[in-house]
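One structure is given here, and the rest of the page talks about it.
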Amino acid sequence: PRTIPLDEFSEERARDYYPNLTDHGPRVSGTHADYMARAFLVSEINRLRSIADPSIRVALSLQDFNTSEVGTLQNIAVRISNVDSPVNS
């Protein structure tokens, strides 16, 4: 049985998501597997944001950048904060 409270990190629960990130194969930049993993992560972040306590702010930012070796890449950045905290701190 799972004994870690839901408001604490659990490696066991985190491992439940592993197949969703790896079932499509290696996540090499620009591949279908890369796209599917990114889509899964964004979907889960948005799902968690929709059920978060109203006192919690969940900000999602997709940050595109370019490298000469690979081309365009994208970071997925998530900021979790109290709604009373300043947005830009």
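Lettering and numbering for the structure tokens are positional, with chains as A, B, ... in the shown order, residues counted from 1 in each chain, and ligands counted from 1 in the shown order.
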*Skipping near chain neighbours, those fewer than 5 positions away, what residues fall within 8 Å of stretch 54-71 of chain A using only C-alpha atoms, listed as a PyMOL selection string?*
chain A and resi 29+45+49+76-84
_Give me, as a ChimeraX atom specification, the residues of chain A that a backbone DSSP run labels helix (DSSP H, G or I)._
/A:11-15,18-22,32-51
Could you please take those selected residues and save N, CA, C and O atoms as a short mmCIF file (atom, residue, chain, number, x, y, z; two decimals), in the first residue's frame?
data_model
loop_
_atom_site.label_atom_id
_atom_site.label_comp_id
_atom_site.auth_asym_id
_atom_site.auth_seq_id
_atom_site.Cartn_x
_atom_site.Cartn_y
_atom_site.Cartn_z
N GLU A 11 8.42 8.67 -4.83
CA GLU A 11 9.09 8.04 -5.96
C GLU A 11 8.18 6.99 -6.59
O GLU A 11 8.11 6.87 -7.82
N GLU A 12 7.46 6.26 -5.77
CA GLU A 12 6.57 5.22 -6.27
C GLU A 12 5.49 5.82 -7.19
O GLU A 12 5.24 5.31 -8.28
N ARG A 13 4.87 6.91 -6.77
CA ARG A 13 3.87 7.56 -7.62
C ARG A 13 4.51 8.14 -8.87
O ARG A 13 3.93 8.08 -9.96
N ALA A 14 5.70 8.70 -8.72
CA ALA A 14 6.39 9.27 -9.87
C ALA A 14 6.67 8.20 -10.92
O ALA A 14 6.56 8.45 -12.12
N ARG A 15 7.00 7.02 -10.48
CA ARG A 15 7.28 5.92 -11.41
C ARG A 15 6.04 5.50 -12.20
O ARG A 15 6.17 4.90 -13.27
N TYR A 18 6.34 6.94 -15.62
CA TYR A 18 7.49 6.54 -16.44
C TYR A 18 7.09 5.93 -17.78
O TYR A 18 7.62 6.31 -18.82
N PRO A 19 6.14 4.97 -17.80
CA PRO A 19 5.76 4.40 -19.10
C PRO A 19 5.24 5.44 -20.09
O PRO A 19 5.49 5.33 -21.29
N ASN A 20 4.52 6.44 -19.60
CA ASN A 20 4.01 7.47 -20.50
C ASN A 20 5.13 8.27 -21.15
O ASN A 20 4.93 8.85 -22.22
N LEU A 21 6.27 8.31 -20.53
CA LEU A 21 7.41 9.05 -21.07
C LEU A 21 8.33 8.19 -21.93
O LEU A 21 9.08 8.70 -22.75
N THR A 22 8.26 6.87 -21.77
CA THR A 22 9.22 6.00 -22.44
C THR A 22 8.62 5.04 -23.46
O THR A 22 9.35 4.48 -24.26
N HIS A 32 9.13 11.83 -32.96
CA HIS A 32 7.76 11.60 -32.50
C HIS A 32 7.74 11.35 -30.99
O HIS A 32 6.88 11.87 -30.28
N ALA A 33 8.69 10.57 -30.50
CA ALA A 33 8.74 10.26 -29.06
C ALA A 33 8.97 11.54 -28.25
O ALA A 33 8.38 11.71 -27.18
N ASP A 34 9.81 12.42 -28.74
CA ASP A 34 10.06 13.70 -28.07
C ASP A 34 8.77 14.51 -28.01
O ASP A 34 8.41 15.04 -26.97
N TYR A 35 8.06 14.58 -29.13
CA TYR A 35 6.80 15.32 -29.17
C TYR A 35 5.78 14.72 -28.21
O TYR A 35 5.10 15.44 -27.47
N MET A 36 5.66 13.39 -28.19
CA MET A 36 4.68 12.72 -27.33
C MET A 36 5.01 12.93 -25.85
O MET A 36 4.11 13.13 -25.03
N ALA A 37 6.28 12.85 -25.50
CA ALA A 37 6.68 13.07 -24.10
C ALA A 37 6.38 14.50 -23.68
O ALA A 37 5.84 14.75 -22.60
N ARG A 38 6.69 15.46 -24.55
CA ARG A 38 6.41 16.87 -24.25
C ARG A 38 4.90 17.09 -24.12
O ARG A 38 4.44 17.74 -23.18
N ALA A 39 4.11 16.52 -25.02
CA ALA A 39 2.66 16.67 -24.96
C ALA A 39 2.10 16.06 -23.68
O ALA A 39 1.20 16.63 -23.04
N PHE A 40 2.65 14.91 -23.27
CA PHE A 40 2.20 14.28 -22.02
C PHE A 40 2.51 15.17 -20.82
O PHE A 40 1.66 15.39 -19.96
N LEU A 41 3.74 15.69 -20.77
CA LEU A 41 4.12 16.54 -19.63
C LEU A 41 3.25 17.79 -19.56
O LEU A 41 2.76 18.15 -18.48
N VAL A 42 3.04 18.45 -20.68
CA VAL A 42 2.21 19.66 -20.69
C VAL A 42 0.78 19.33 -20.29
O VAL A 42 0.16 20.06 -19.50
N SER A 43 0.27 18.22 -20.77
CA SER A 43 -1.09 17.79 -20.40
C SER A 43 -1.20 17.54 -18.90
O SER A 43 -2.18 17.96 -18.26
N GLU A 44 -0.23 16.86 -18.33
CA GLU A 44 -0.25 16.58 -16.89
C GLU A 44 -0.11 17.85 -16.07
O GLU A 44 -0.78 18.01 -15.04
N ILE A 45 0.74 18.75 -16.50
CA ILE A 45 0.89 20.03 -15.79
C ILE A 45 -0.43 20.79 -15.81
O ILE A 45 -0.88 21.31 -14.79
N ASN A 46 -1.08 20.83 -16.98
CA ASN A 46 -2.37 21.52 -17.07
C ASN A 46 -3.44 20.83 -16.24
O ASN A 46 -4.27 21.49 -15.61
N ARG A 47 -3.41 19.50 -16.19
CA ARG A 47 -4.38 18.77 -15.36
C ARG A 47 -4.17 19.10 -13.88
O ARG A 47 -5.13 19.40 -13.16
N LEU A 48 -2.93 19.09 -13.45
CA LEU A 48 -2.63 19.41 -12.05
C LEU A 48 -3.00 20.85 -11.73
O LEU A 48 -3.50 21.16 -10.66
N ARG A 49 -2.75 21.74 -12.69
CA ARG A 49 -3.10 23.15 -12.49
C ARG A 49 -4.62 23.29 -12.32
O ARG A 49 -5.08 24.08 -11.50
N SER A 50 -5.39 22.50 -13.05
CA SER A 50 -6.85 22.62 -12.99
C SER A 50 -7.43 22.10 -11.67
O SER A 50 -8.52 22.50 -11.29
N ILE A 51 -6.70 21.22 -10.99
CA ILE A 51 -7.22 20.68 -9.72
C ILE A 51 -6.49 21.24 -8.50
O ILE A 51 -6.79 20.86 -7.37
#
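Restricting the calculation to only C-alpha atoms, the smallest distance between A:Asp53 and any of A:Asp7, A:Asp16, A:Arg2, A:Gly25 is found for A:Asp7.
Per DSSP on the backbone, strand (DSSP E or B) in chain A comprises Ile56, Arg57, Val58, Ala59, Leu60, Ser61, Leu62, Gln63, Asp64, Phe65, Asn66, Thr67, Gly71, Thr72, Leu73, Gln74, Asn75, Ile76, Ala77, Val78, Arg79, Ile80, Ser81 and Asn82 of chain A.
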*asked:* Using Å and a single decimal, report how far atom CA of A:Pro26 sits from atom CA of A:Leu73.
replied: 15.9 Å
